file model.cif (mmCIF, C-alpha atoms and all ligand atoms)
data_start
#
loop_
_atom_site.label_atom_id
_atom_site.label_comp_id
_atom_site.auth_asym_id
_atom_site.auth_seq_id
_atom_site.Cartn_x
_atom_site.Cartn_y
_atom_site.Cartn_z
CA MET A 6 -25.00 31.98 29.28
CA ASN A 7 -24.40 33.28 25.79
CA ILE A 8 -22.34 36.40 25.95
CA ILE A 9 -22.74 37.02 22.25
CA ASP A 10 -26.07 37.03 20.51
CA PRO A 11 -26.18 34.28 17.81
CA GLU A 12 -27.68 36.76 15.39
CA ILE A 13 -24.71 39.07 15.79
CA VAL A 14 -22.25 36.20 15.43
CA GLN A 15 -24.01 35.28 12.20
CA THR A 16 -23.16 38.66 10.68
CA LEU A 17 -19.42 38.36 11.35
CA VAL A 18 -18.95 35.96 8.44
CA GLN A 19 -20.11 36.85 4.95
CA LYS A 20 -19.50 34.94 1.76
CA GLU A 21 -16.35 36.83 0.75
CA ARG A 22 -15.16 38.42 4.00
CA VAL A 23 -14.98 38.01 7.77
CA HIS A 24 -15.09 40.62 10.50
CA ARG A 25 -11.75 41.48 12.09
CA SER A 26 -13.12 41.06 15.59
CA ILE A 27 -13.04 37.28 15.18
CA TYR A 28 -9.24 37.51 15.48
CA THR A 29 -9.12 40.01 18.35
CA ASP A 30 -12.18 39.81 20.60
CA PRO A 31 -11.57 37.65 23.74
CA ALA A 32 -15.34 37.09 24.13
CA ILE A 33 -15.50 35.57 20.65
CA PHE A 34 -12.50 33.38 21.50
CA ASP A 35 -14.27 32.08 24.61
CA LEU A 36 -17.37 31.36 22.56
CA GLU A 37 -15.28 29.48 19.97
CA MET A 38 -13.91 27.24 22.71
CA GLN A 39 -17.47 26.38 23.77
CA ARG A 40 -19.21 26.20 20.43
CA ILE A 41 -16.54 24.92 18.06
CA PHE A 42 -14.13 22.96 20.27
CA GLY A 43 -16.98 21.98 22.59
CA ARG A 44 -19.01 20.51 19.72
CA ALA A 45 -16.73 19.25 16.92
CA TRP A 46 -14.68 16.07 16.70
CA VAL A 47 -11.34 17.40 17.93
CA TYR A 48 -8.01 15.70 17.16
CA ILE A 49 -6.31 14.40 20.33
CA GLY A 50 -3.34 12.22 19.36
CA HIS A 51 -2.25 9.05 17.62
CA LYS A 52 -2.33 5.53 19.04
CA SER A 53 1.37 5.08 18.21
CA GLN A 54 2.15 7.70 20.87
CA VAL A 55 0.84 5.32 23.54
CA PRO A 56 2.04 1.88 22.39
CA LYS A 57 2.39 0.25 25.84
CA ALA A 58 0.03 -0.18 28.79
CA GLY A 59 0.35 2.85 31.08
CA ASP A 60 1.59 5.19 28.30
CA TYR A 61 -0.09 8.57 28.17
CA VAL A 62 0.12 11.95 26.40
CA THR A 63 -1.65 15.13 27.45
CA ALA A 64 -3.74 17.27 25.12
CA ARG A 65 -6.57 19.81 25.13
CA ILE A 66 -10.02 20.12 23.66
CA GLY A 67 -10.10 23.90 23.47
CA ALA A 68 -9.71 24.99 27.09
CA VAL A 69 -10.39 21.50 28.47
CA PRO A 70 -7.29 19.49 29.51
CA VAL A 71 -7.41 15.80 28.58
CA VAL A 72 -5.16 12.74 28.61
CA LEU A 73 -4.83 10.07 25.93
CA SER A 74 -3.93 6.84 27.76
CA ARG A 75 -3.43 3.15 27.09
CA HIS A 76 -5.05 0.98 29.74
CA LYS A 77 -3.70 -2.42 30.83
CA ASP A 78 -6.30 -4.21 28.72
CA GLY A 79 -4.88 -2.48 25.60
CA GLN A 80 -7.80 -0.06 25.23
CA VAL A 81 -7.07 3.58 24.47
CA HIS A 82 -9.04 6.22 26.41
CA VAL A 83 -9.42 9.98 26.37
CA LEU A 84 -9.82 11.10 30.00
CA PHE A 85 -10.43 14.49 31.52
CA ASN A 86 -7.13 15.60 33.02
CA SER A 87 -8.74 16.63 36.28
CA CYS A 88 -8.81 15.03 39.71
CA GLY A 89 -12.15 13.74 40.99
CA HIS A 90 -11.38 15.27 44.40
CA ARG A 91 -10.85 19.01 43.97
CA GLY A 92 -10.20 19.18 40.26
CA ALA A 93 -6.42 19.61 40.03
CA ILE A 94 -4.59 18.63 36.84
CA VAL A 95 -3.47 15.04 37.40
CA CYS A 96 -0.94 14.58 34.55
CA ASN A 97 1.33 17.57 34.53
CA GLU A 98 3.83 16.22 31.99
CA GLU A 99 3.50 16.09 28.21
CA ARG A 100 3.88 12.31 28.21
CA GLY A 101 4.94 9.38 30.34
CA ASN A 102 4.28 5.85 31.51
CA VAL A 103 2.57 5.05 34.81
CA LYS A 104 1.02 2.16 36.69
CA LEU A 105 -1.53 4.56 38.17
CA PHE A 106 -2.16 8.29 37.80
CA ARG A 107 -1.51 10.03 41.13
CA CYS A 108 -2.77 13.51 41.89
CA ALA A 109 -0.05 15.63 43.47
CA TYR A 110 -2.42 17.61 45.70
CA HIS A 111 -3.81 15.03 48.19
CA GLY A 112 -2.52 11.82 46.66
CA TRP A 113 -5.66 10.23 45.21
CA THR A 114 -4.82 7.61 42.58
CA PHE A 115 -6.60 6.66 39.36
CA ASP A 116 -6.43 3.73 37.00
CA THR A 117 -5.28 4.42 33.41
CA ASN A 118 -8.90 4.12 32.27
CA GLY A 119 -9.81 7.04 34.58
CA ASP A 120 -11.51 5.02 37.33
CA LEU A 121 -10.76 5.95 40.93
CA ASP A 122 -8.18 3.54 42.35
CA ALA A 123 -7.88 4.77 45.95
CA ILE A 124 -8.30 7.85 48.07
CA SER A 125 -5.55 8.65 50.53
CA MET A 126 -6.18 8.29 54.30
CA ARG A 127 -9.46 6.49 53.66
CA ASN A 128 -10.22 6.29 57.38
CA GLY A 129 -11.09 9.99 57.45
CA TYR A 130 -14.18 9.34 55.33
CA GLY A 131 -17.29 7.71 56.71
CA PRO A 132 -19.59 5.13 55.07
CA SER A 133 -21.40 7.87 53.15
CA MET A 134 -18.37 8.14 50.85
CA ASP A 135 -19.20 5.83 47.95
CA LEU A 136 -15.92 4.97 46.21
CA ALA A 137 -17.85 3.45 43.31
CA ASN A 138 -19.26 6.85 42.39
CA PRO A 139 -17.88 7.55 38.90
CA ALA A 140 -17.80 11.28 39.67
CA LEU A 141 -14.80 10.61 41.92
CA GLY A 142 -12.73 9.32 38.98
CA MET A 143 -11.08 11.37 36.24
CA GLY A 144 -13.93 10.68 33.86
CA ARG A 145 -13.89 9.75 30.21
CA VAL A 146 -14.92 12.19 27.48
CA PRO A 147 -18.42 11.51 26.09
CA ARG A 148 -17.16 10.21 22.75
CA MET A 149 -13.85 8.95 21.39
CA GLU A 150 -13.20 7.37 18.00
CA SER A 151 -10.15 6.73 15.88
CA TYR A 152 -9.46 6.48 12.20
CA ARG A 153 -6.31 4.56 11.13
CA GLY A 154 -4.75 5.32 14.50
CA PHE A 155 -5.68 9.03 14.63
CA VAL A 156 -7.74 9.58 17.78
CA PHE A 157 -10.45 12.23 17.97
CA ALA A 158 -12.80 13.09 20.83
CA SER A 159 -16.04 15.00 21.20
CA LEU A 160 -17.54 16.65 24.24
CA VAL A 161 -21.07 16.05 22.96
CA SER A 162 -22.54 12.64 23.58
CA SER A 163 -24.48 12.11 20.36
CA GLY A 164 -24.29 13.03 16.71
CA LYS A 165 -22.38 12.11 13.57
CA SER A 166 -19.76 9.38 13.76
CA LEU A 167 -16.14 10.43 13.25
CA GLU A 168 -16.12 8.90 9.77
CA GLU A 169 -19.20 10.87 8.77
CA TYR A 170 -17.78 14.05 10.26
CA LEU A 171 -14.46 13.70 8.39
CA GLY A 172 -16.24 12.75 5.16
CA HIS A 173 -14.21 13.20 1.99
CA ALA A 174 -11.28 14.65 4.00
CA ARG A 175 -10.73 11.15 5.39
CA ASP A 176 -9.16 10.09 2.08
CA SER A 177 -6.16 12.29 2.94
CA VAL A 178 -5.46 10.00 5.91
CA ASP A 179 -5.79 6.96 3.65
CA GLU A 180 -3.43 8.39 1.04
CA LEU A 181 -0.74 8.94 3.63
CA CYS A 182 -1.17 5.69 5.57
CA ASP A 183 -1.16 3.69 2.33
CA ARG A 184 2.37 4.97 1.67
CA ALA A 185 3.57 2.91 4.63
CA PRO A 186 4.45 -0.69 3.70
CA ASP A 187 2.57 -1.80 6.84
CA GLY A 188 -0.37 0.53 6.12
CA GLU A 189 0.14 2.65 9.25
CA VAL A 190 2.03 5.77 10.24
CA GLU A 191 3.83 6.33 13.54
CA LEU A 192 4.35 9.53 15.50
CA SER A 193 7.68 8.36 16.85
CA GLY A 194 9.97 10.98 15.31
CA GLY A 195 9.70 13.64 18.02
CA VAL A 196 7.85 16.95 17.90
CA HIS A 197 8.56 20.60 17.09
CA ARG A 198 6.66 22.92 19.41
CA TYR A 199 6.30 26.64 19.06
CA LEU A 200 4.11 29.49 20.14
CA PHE A 201 3.02 32.43 18.00
CA ARG A 202 1.42 35.71 18.91
CA GLY A 203 -1.65 35.29 16.79
CA ASN A 204 -5.12 33.78 16.59
CA TRP A 205 -5.47 30.01 16.07
CA LYS A 206 -7.46 30.41 12.83
CA LEU A 207 -4.47 32.04 11.11
CA GLN A 208 -2.61 28.70 11.03
CA LEU A 209 -5.69 26.86 9.81
CA GLU A 210 -6.23 29.36 6.98
CA ASN A 211 -2.58 29.35 6.02
CA ILE A 212 -2.06 25.59 5.66
CA VAL A 213 -4.43 25.51 2.65
CA ASP A 214 -3.47 28.93 1.25
CA MET A 215 -1.73 28.51 -2.11
CA TYR A 216 -1.93 32.23 -2.88
CA HIS A 217 0.79 33.28 -0.45
CA VAL A 218 3.49 30.82 -1.45
CA PRO A 219 5.31 32.68 -4.27
CA PHE A 220 5.39 35.83 -2.12
CA SER A 221 5.82 34.76 1.51
CA HIS A 222 8.31 32.04 0.64
CA GLU A 223 10.16 33.98 -2.04
CA SER A 224 13.44 33.47 -0.20
CA THR A 225 13.13 29.69 -0.68
CA VAL A 226 12.87 29.96 -4.46
CA SER A 227 15.73 30.27 -6.97
CA ARG A 228 15.76 32.79 -9.82
CA SER A 229 14.21 30.17 -12.07
CA GLY A 230 11.21 29.99 -9.73
CA LYS A 231 12.06 26.54 -8.33
CA GLN A 232 12.06 25.85 -4.63
CA PHE A 233 14.80 23.87 -2.85
CA SER A 234 14.35 20.14 -3.05
CA ARG A 235 11.81 18.85 -0.56
CA ARG A 236 11.44 15.27 -1.68
CA PRO A 237 13.55 12.33 -2.76
CA GLY A 238 14.22 12.16 -6.49
CA ASP A 239 13.47 15.83 -7.07
CA LYS A 240 16.91 17.39 -7.27
CA ALA A 241 15.86 20.89 -8.30
CA GLY A 242 12.68 21.32 -6.27
CA SER A 243 9.30 22.10 -7.77
CA ALA A 244 8.32 25.16 -9.81
CA ILE A 245 6.48 27.67 -7.62
CA SER A 246 6.73 31.07 -9.21
CA ASP A 247 7.12 32.54 -12.64
CA ARG A 248 8.15 36.20 -12.87
CA GLY A 249 6.27 37.30 -9.78
CA ARG A 250 3.20 35.11 -10.37
CA ALA A 251 2.36 31.59 -9.33
CA ALA A 252 3.80 29.02 -11.74
CA THR A 253 1.29 27.57 -14.21
CA ARG A 254 1.44 24.14 -12.56
CA TRP A 255 0.70 25.74 -9.22
CA GLU A 256 -2.43 27.32 -10.67
CA GLN A 257 -3.61 23.90 -11.84
CA ARG A 258 -3.78 22.38 -8.38
CA ILE A 259 -7.15 21.46 -6.95
CA ALA A 260 -8.71 23.32 -4.04
CA TRP A 261 -11.51 21.60 -2.12
CA GLY A 262 -13.57 22.56 0.90
CA ALA A 263 -16.42 21.01 2.90
CA ARG A 264 -18.91 23.76 3.62
CA GLU A 265 -20.64 21.90 6.40
CA ASN A 266 -17.74 20.76 8.56
CA GLY A 267 -14.97 23.07 7.34
CA HIS A 268 -12.35 20.52 6.24
CA SER A 269 -10.33 21.44 3.17
CA TYR A 270 -7.38 20.36 1.07
CA THR A 271 -5.12 21.54 -1.69
CA GLY A 272 -4.03 19.28 -4.54
CA ASN A 273 -0.62 17.74 -4.85
CA GLN A 274 2.19 17.43 -7.27
CA PRO A 275 3.74 13.95 -7.52
CA VAL A 276 5.93 12.69 -4.68
CA ALA A 277 8.83 12.66 -7.12
CA GLU A 278 9.23 13.62 -10.75
CA ASN A 279 11.37 10.55 -11.19
CA PHE A 280 11.60 7.99 -8.47
CA PRO A 281 15.14 8.00 -7.11
CA GLU A 282 17.41 5.17 -8.04
CA ASP A 283 19.14 4.83 -4.70
CA SER A 284 18.91 1.42 -3.10
CA VAL A 285 16.97 2.59 -0.01
CA PHE A 286 14.15 4.12 -2.04
CA GLN A 287 14.10 1.14 -4.39
CA SER A 288 13.78 -1.29 -1.48
CA TYR A 289 10.87 0.82 -0.18
CA VAL A 290 9.17 0.62 -3.59
CA ALA A 291 9.73 -3.15 -3.62
CA MET A 292 7.99 -3.41 -0.22
CA LEU A 293 4.96 -1.53 -1.53
CA GLU A 294 4.88 -3.62 -4.68
CA ALA A 295 4.98 -6.84 -2.65
CA ARG A 296 1.88 -5.65 -0.81
CA HIS A 297 -0.05 -3.84 -3.54
CA GLY A 298 1.38 -4.73 -6.97
CA ARG A 299 3.00 -2.31 -9.42
CA GLU A 300 -0.03 -0.36 -10.58
CA ARG A 301 -1.37 0.45 -7.13
CA THR A 302 2.16 1.28 -5.92
CA LEU A 303 2.49 3.91 -8.64
CA GLN A 304 -0.85 5.40 -7.57
CA ILE A 305 0.27 5.45 -3.95
CA LEU A 306 3.50 7.24 -4.84
CA ARG A 307 1.58 9.90 -6.76
CA PRO A 308 -0.89 11.08 -4.12
CA LYS A 309 -3.51 13.64 -5.10
CA ARG A 310 -3.38 15.85 -2.01
CA HIS A 311 -0.81 18.20 -0.56
CA ASN A 312 -2.15 19.91 2.59
CA THR A 313 -5.37 18.99 4.39
CA ALA A 314 -6.97 20.95 7.23
CA PHE A 315 -9.21 18.89 9.51
CA TYR A 316 -11.48 21.40 11.17
CA PRO A 317 -10.81 22.70 13.75
CA ASN A 318 -7.38 21.70 15.06
CA MET A 319 -5.27 19.37 12.91
CA THR A 320 -3.51 19.68 9.58
CA MET A 321 -1.73 17.05 7.51
CA GLN A 322 0.90 17.46 4.84
CA ALA A 323 1.67 14.70 2.37
CA LEU A 324 4.93 16.08 0.96
CA ASN A 325 7.18 16.58 4.01
CA HIS A 326 4.79 14.35 5.79
CA HIS A 327 3.73 15.56 9.16
CA ILE A 328 0.71 16.67 11.10
CA ARG A 329 0.31 19.94 12.92
CA VAL A 330 -1.86 20.25 15.99
CA ILE A 331 -3.25 23.73 16.64
CA VAL A 332 -3.63 24.56 20.33
CA PRO A 333 -5.52 27.82 20.93
CA LEU A 334 -4.34 29.43 24.19
CA ALA A 335 -5.85 32.92 23.97
CA VAL A 336 -7.36 35.12 21.29
CA ASP A 337 -3.86 36.27 20.28
CA ARG A 338 -1.73 33.30 21.31
CA THR A 339 -1.48 29.82 19.79
CA GLU A 340 0.79 26.83 20.23
CA ILE A 341 1.67 24.56 17.32
CA HIS A 342 2.91 20.98 17.65
CA VAL A 343 4.49 19.54 14.49
CA TYR A 344 4.88 15.74 14.43
CA PRO A 345 6.83 14.00 11.65
CA LEU A 346 5.02 10.90 10.41
CA LYS A 347 7.12 7.80 9.97
CA LEU A 348 5.95 5.17 7.51
CA LYS A 349 5.67 1.92 9.45
CA GLY A 350 7.61 -0.88 7.79
CA ALA A 351 9.68 1.47 5.57
CA PRO A 352 13.51 1.41 5.77
CA GLU A 353 14.64 3.40 8.81
CA GLU A 354 17.06 5.39 6.65
CA LEU A 355 14.14 6.60 4.53
CA ASN A 356 12.15 7.59 7.62
CA GLN A 357 15.17 9.42 9.02
CA GLY A 358 15.37 11.32 5.72
CA PHE A 359 11.73 12.41 6.09
CA VAL A 360 12.42 13.71 9.59
CA ARG A 361 15.50 15.60 8.34
CA HIS A 362 13.51 17.22 5.49
CA LEU A 363 10.90 18.34 7.99
CA ASN A 364 13.60 19.99 10.11
CA ASN A 365 14.38 22.10 7.04
CA THR A 366 10.80 23.01 6.28
CA HIS A 367 8.75 23.18 9.49
CA SER A 368 10.94 23.41 12.59
CA ALA A 369 11.01 26.67 14.52
CA SER A 370 14.14 27.67 12.60
CA SER A 371 13.13 26.24 9.24
CA LEU A 372 13.12 27.84 5.81
CA ILE A 373 9.33 27.81 5.37
CA GLN A 374 7.38 27.84 8.60
CA THR A 375 9.28 30.85 9.95
CA ASP A 376 7.92 32.92 7.04
CA ASP A 377 4.37 32.01 8.03
CA LEU A 378 4.88 32.58 11.74
CA GLU A 379 5.98 36.09 10.80
CA ASN A 380 2.84 36.44 8.64
CA PHE A 381 0.66 35.44 11.61
CA ARG A 382 2.28 38.04 13.87
CA ARG A 383 1.84 40.74 11.24
CA VAL A 384 -1.82 39.88 10.65
CA GLN A 385 -2.56 39.83 14.36
CA GLU A 386 -1.01 43.27 14.84
CA GLY A 387 -2.50 44.61 11.62
CA VAL A 388 -6.11 43.60 12.19
CA ALA A 389 -6.17 45.76 15.32
CA ALA A 390 -5.94 48.81 13.03
CA THR A 391 -9.27 50.45 12.33
CA GLY A 392 -8.99 51.34 8.63
CA SER A 393 -11.35 48.51 7.71
CA ASP A 394 -13.66 46.21 9.66
CA TRP A 395 -13.08 43.25 7.33
CA VAL A 396 -10.55 40.80 5.91
CA TRP A 397 -11.25 39.32 2.50
CA PHE A 398 -11.44 35.81 1.10
CA ALA A 399 -12.92 36.66 -2.30
CA ARG A 400 -10.33 35.11 -4.61
CA GLY A 401 -12.00 32.61 -6.95
CA LEU A 402 -15.47 33.21 -5.51
CA ASP A 403 -17.10 33.60 -8.92
CA THR A 404 -15.70 30.34 -10.25
CA ASP A 405 -16.32 27.99 -7.29
CA ALA A 406 -18.11 24.82 -8.34
CA THR A 407 -20.14 22.44 -6.23
CA ASP A 408 -19.30 18.74 -6.45
CA GLU A 409 -21.62 15.76 -6.13
CA ARG A 410 -21.33 15.85 -2.32
CA GLY A 411 -22.31 19.53 -2.15
CA ASP A 412 -18.74 20.53 -1.32
CA LEU A 413 -16.83 23.34 -3.03
CA THR A 414 -14.13 22.79 -5.64
CA ASN A 415 -11.98 25.07 -7.72
CA ASN A 416 -8.43 25.28 -9.04
CA GLY A 417 -5.32 27.17 -8.18
CA THR A 418 -4.63 29.99 -5.80
CA VAL A 419 -8.22 30.57 -4.73
CA GLU A 420 -9.45 31.33 -1.21
CA LEU A 421 -12.06 28.58 -1.33
CA PRO A 422 -10.59 26.51 1.55
CA GLN A 423 -10.82 29.52 3.84
CA ARG A 424 -14.41 30.25 2.73
CA SER A 425 -15.28 26.66 3.68
CA GLN A 426 -13.65 27.06 7.08
CA TYR A 427 -15.65 30.20 7.79
CA ALA A 428 -18.90 28.63 6.58
CA ALA A 429 -18.33 25.94 9.22
CA TRP A 430 -17.31 28.59 11.79
CA GLN A 431 -20.60 30.36 11.19
CA ARG A 432 -22.58 27.12 11.49
CA PHE A 433 -20.88 26.04 14.72
CA MET A 434 -21.00 29.49 16.29
CA SER A 435 -24.53 30.49 15.48
CA ALA A 436 -26.53 27.30 15.93
CA ALA A 437 -28.63 26.83 19.03
CA GLU A 438 -27.24 24.21 21.43
CA ASN A 439 -29.83 21.48 20.90
CA ALA A 440 -30.19 21.90 17.17
CA MET A 441 -26.41 21.65 16.84
CA GLN A 442 -26.17 18.41 18.80
CA GLU A 443 -28.75 16.82 16.57
CA SER A 444 -26.95 17.83 13.39
CA GLN A 445 -23.46 16.90 14.59
S1 LIG B 1 -7.21 17.62 44.25
FE1 LIG B 1 -6.48 15.70 43.67
S2 LIG B 1 -6.26 14.60 45.50
FE2 LIG B 1 -7.09 16.49 46.12
FE FE B 2 3.40 29.08 3.90
#

call {"tool": "encode", "arguments": {"input": "model.cif", "output": "structure tokens"}}
result
Amino acid sequence: MNIIDPEIVQTLVQKERVHRSIYTDPAIFDLEMQRIFGRAWVYIGHKSQVPKAGDYVTARIGAVPVVLSRHKDGQVHVLFNSCGHRGAIVCNEERGNVKLFRCAYHGWTFDTNGDLDAISMRNGYGPSMDLANPALGMGRVPRMESYRGFVFASLVSSGKSLEEYLGHARDSVDELCDRAPDGEVELSGGVHRYLFRGNWKLQLENIVDMYHVPFSHESTVSRSGKQFSRRPGDKAGSAISDRGRAATRWEQRIAWGARENGHSYTGNQPVAENFPEDSVFQSYVAMLEARHGRERTLQILRPKRHNTAFYPNMTMQALNHHIRVIVPLAVDRTEIHVYPLKLKGAPEELNQGFVRHLNNTHSASSLIQTDDLENFRRVQEGVAATGSDWVWFARGLDTDATDERGDLTNNGTVELPQRSQYAAWQRFMSAAENAMQESQ
């Protein structure tokens, strides 16, 4: 049953502003879990998190608990994390390795592909109990696909493929994976987890918000406007602000947003102004050159993108390379999981350096992410005030251009990425069920 009329939902997003209730109304949050997380391709995890048979990690698709598992035949599955008997959560840990999943309640066991293995005290059931009935297993989600190891799932059984859904945003995954000498990244460097008292969309907006940086992160910038070094070979850090404004170079970055599916990215500055001369970095460059040649290696080391938001729940950063998974828990409560990305085949010392840099920038006690977590708390408290019904995303609206794909592009500190996210929000939230499945 729809608790909110689609026509009313439609009015909550306008081209330059969104209604404050989308951050505070629990009924809207519930509808988002059904209509956005219940319909989109949602990021689940990476295959490198489950390298061996029996490995699993738990995740969620909105409110729905799931498990990413590696079966004994090597196949990766996304299963519902719910027992076929009375529905209890089967995997209660974040991760692990098992021969079989065993439900703690009455001891039913399941294979790592979700099939029922055995029910306990079988003799209490008569011949009418058909153990081959798939409804007694954990069940697999209707669709699962991966792109370069990144696994996504969808709760709708038909529609666009993952590649079509990701569209031009997919190139951000390529840019990052191509930086690995083996062409793959690994999520083997641990995870930072934290909770904030704010709506899930605040993190999604913020990751592609270049407007806030000179102000929110002022404490990370020296008097000359340069931030602390965040990359090898860049001793002084990059120029961010100039006398209270964004630095000119900052204003020249690209902003891009997909109106239909809500993905967005912000443009990058080079990985390094000058590639460092230390032997570890040089051996890494030599590995890339052996695989790709000099010219392509230089392209790879000067990626075009900085932050990418994959709508609705994953973000990727190319500088201190990591992904963030956004886990909405309630209208005013969100969990964030930050995974460093290691470049497979690169010298371990280099990968360790990436993980260390990320500790400085995006751990719970880091120099950058803490500023934004404070922003999220302040917005969440502030939007409850009744002075205005709206928040605004008008910056750059008059200069947005449309590219050959029909997506939006602009430069600098514009709020175009957020406008794209809310165009997708409106599409997901207001479309009728059947029409949406067909257009997915
Ligand atoms: S609920 Fe899982 S065995 Fe009963
Ligand atoms: Fe920030």

call {"tool": "residues_near_ligand", "arguments": {"input": "model.cif", "ligand": "ligand LIG 1 (chain B)", "cutoff": "8 Å", "atoms": "only C-alpha atoms and all ligand atoms", "output": "ChimeraX atom specification"}}
result
/A:87-95,107-114,124-125

call {"tool": "closest_residue", "arguments": {"input": "model.cif", "among": "A:Pro56, A:Gly392, A:Pro317, A:Pro70", "to": "Gln208 in chain A", "atoms": "all atoms listed in the file"}}
result
A:Pro317

call {"tool": "residues_near_ligand", "arguments": {"input": "model.cif", "ligand": "ligand FE 2 (chain B)", "cutoff": "8 Å", "atoms": "all atoms listed in the file", "output": "PyMOL selection string"}}
result
chain A and resi 211-212+214-215+217-218+221-222+373-374+376-377

call {"tool": "write_last_selection", "arguments": {"input": "model.cif", "atoms": "C-alpha atoms", "output": "PDB file, in the coordinates of the input"}}
result
ATOM      1  CA  ASN A 211      -2.580  29.350   6.020  1.00  0.00           C
ATOM      2  CA  ILE A 212      -2.060  25.590   5.660  1.00  0.00           C
ATOM      3  CA  ASP A 214      -3.470  28.930   1.250  1.00  0.00           C
ATOM      4  CA  MET A 215      -1.730  28.510  -2.110  1.00  0.00           C
ATOM      5  CA  HIS A 217       0.790  33.280  -0.450  1.00  0.00           C
ATOM      6  CA  VAL A 218       3.490  30.820  -1.450  1.00  0.00           C
ATOM      7  CA  SER A 221       5.820  34.760   1.510  1.00  0.00           C
ATOM      8  CA  HIS A 222       8.310  32.040   0.640  1.00  0.00           C
ATOM      9  CA  ILE A 373       9.330  27.810   5.370  1.00  0.00           C
ATOM     10  CA  GLN A 374       7.380  27.840   8.600  1.00  0.00           C
ATOM     11  CA  ASP A 376       7.920  32.920   7.040  1.00  0.00           C
ATOM     12  CA  ASP A 377       4.370  32.010   8.030  1.00  0.00           C
TER      13      ASP A 377
END

call {"tool": "atom_distance", "arguments": {"input": "model.cif", "atom1": "CA of Val71 in chain A", "atom2": "CA of Gly119 in chain A"}}
result
10.9 Å

call {"tool": "residues_near_point", "arguments": {"input": "model.cif", "point": "(3.2, -3.6, 30.0)", "cutoff": "8 Å", "atoms": "all atoms listed in the file", "output": "PyMOL selection string"}}
result
chain A and resi 57-59+77

call {"tool": "residues_around", "arguments": {"input": "model.cif", "residues": "range 178-190 of chain A", "least_positions_apart": "5", "cutoff": "9 Å", "atoms": "all atoms listed in the file", "output": "list of chain:residue names"}}
result
A:Ser53, A:Tyr152, A:Arg153, A:Gly154, A:Phe155, A:Tyr289, A:Val290, A:Met292, A:Leu293, A:Glu294, A:Ala295, A:Arg296, A:Thr302, A:Ile305, A:Leu306, A:Pro308, A:Lys309, A:Arg310, A:Met321, A:Gln322, A:Ala323, A:His326, A:Leu346, A:Lys347, A:Leu348, A:Lys349, A:Gly350, A:Ala351

call {"tool": "write_last_selection", "arguments": {"input": "model.cif", "atoms": "C-alpha atoms", "output": "PDB file, in the coordinates of the input"}}
result
ATOM      1  CA  SER A  53       1.370   5.080  18.210  1.00  0.00           C
ATOM      2  CA  TYR A 152      -9.460   6.480  12.200  1.00  0.00           C
ATOM      3  CA  ARG A 153      -6.310   4.560  11.130  1.00  0.00           C
ATOM      4  CA  GLY A 154      -4.750   5.320  14.500  1.00  0.00           C
ATOM      5  CA  PHE A 155      -5.680   9.030  14.630  1.00  0.00           C
ATOM      6  CA  TYR A 289      10.870   0.820  -0.180  1.00  0.00           C
ATOM      7  CA  VAL A 290       9.170   0.620  -3.590  1.00  0.00           C
ATOM      8  CA  MET A 292       7.990  -3.410  -0.220  1.00  0.00           C
ATOM      9  CA  LEU A 293       4.960  -1.530  -1.530  1.00  0.00           C
ATOM     10  CA  GLU A 294       4.880  -3.620  -4.680  1.00  0.00           C
ATOM     11  CA  ALA A 295       4.980  -6.840  -2.650  1.00  0.00           C
ATOM     12  CA  ARG A 296       1.880  -5.650  -0.810  1.00  0.00           C
ATOM     13  CA  THR A 302       2.160   1.280  -5.920  1.00  0.00           C
ATOM     14  CA  ILE A 305       0.270   5.450  -3.950  1.00  0.00           C
ATOM     15  CA  LEU A 306       3.500   7.240  -4.840  1.00  0.00           C
ATOM     16  CA  PRO A 308      -0.890  11.080  -4.120  1.00  0.00           C
ATOM     17  CA  LYS A 309      -3.510  13.640  -5.100  1.00  0.00           C
ATOM     18  CA  ARG A 310      -3.380  15.850  -2.010  1.00  0.00           C
ATOM     19  CA  MET A 321      -1.730  17.050   7.510  1.00  0.00           C
ATOM     20  CA  GLN A 322       0.900  17.460   4.840  1.00  0.00           C
ATOM     21  CA  ALA A 323       1.670  14.700   2.370  1.00  0.00           C
ATOM     22  CA  HIS A 326       4.790  14.350   5.790  1.00  0.00           C
ATOM     23  CA  LEU A 346       5.020  10.900  10.410  1.00  0.00           C
ATOM     24  CA  LYS A 347       7.120   7.800   9.970  1.00  0.00           C
ATOM     25  CA  LEU A 348       5.950   5.170   7.510  1.00  0.00           C
ATOM     26  CA  LYS A 349       5.670   1.920   9.450  1.00  0.00           C
ATOM     27  CA  GLY A 350       7.610  -0.880   7.790  1.00  0.00           C
ATOM     28  CA  ALA A 351       9.680   1.470   5.570  1.00  0.00           C
TER      29      ALA A 351
END

call {"tool": "atom_distance", "arguments": {"input": "model.cif", "atom1": "CA of Asp10 in chain A", "atom2": "CA of Thr391 in chain A"}}
result
23.0 Å

call {"tool": "decode", "arguments": {"input": "model.cif", "residues": "range 115-126 of chain A", "atoms": "C-alpha atoms", "output": "short mmCIF file (atom, residue, chain, number, x, y, z; two decimals), in the first residue's frame"}}
result
data_model
loop_
_atom_site.label_atom_id
_atom_site.label_comp_id
_atom_site.auth_asym_id
_atom_site.auth_seq_id
_atom_site.Cartn_x
_atom_site.Cartn_y
_atom_site.Cartn_z
CA PHE A 115 21.88 -24.15 4.30
CA ASP A 116 24.44 -24.54 1.56
CA THR A 117 26.54 -21.47 0.65
CA ASN A 118 24.40 -21.03 -2.48
CA GLY A 119 21.31 -20.65 -0.25
CA ASP A 120 19.80 -24.10 -0.85
CA LEU A 121 18.37 -25.95 2.13
CA ASP A 122 20.89 -28.54 3.33
CA ALA A 123 18.98 -30.20 6.18
CA ILE A 124 16.26 -29.56 8.70
CA SER A 125 16.92 -30.60 12.27
CA MET A 126 14.99 -33.56 13.78
#
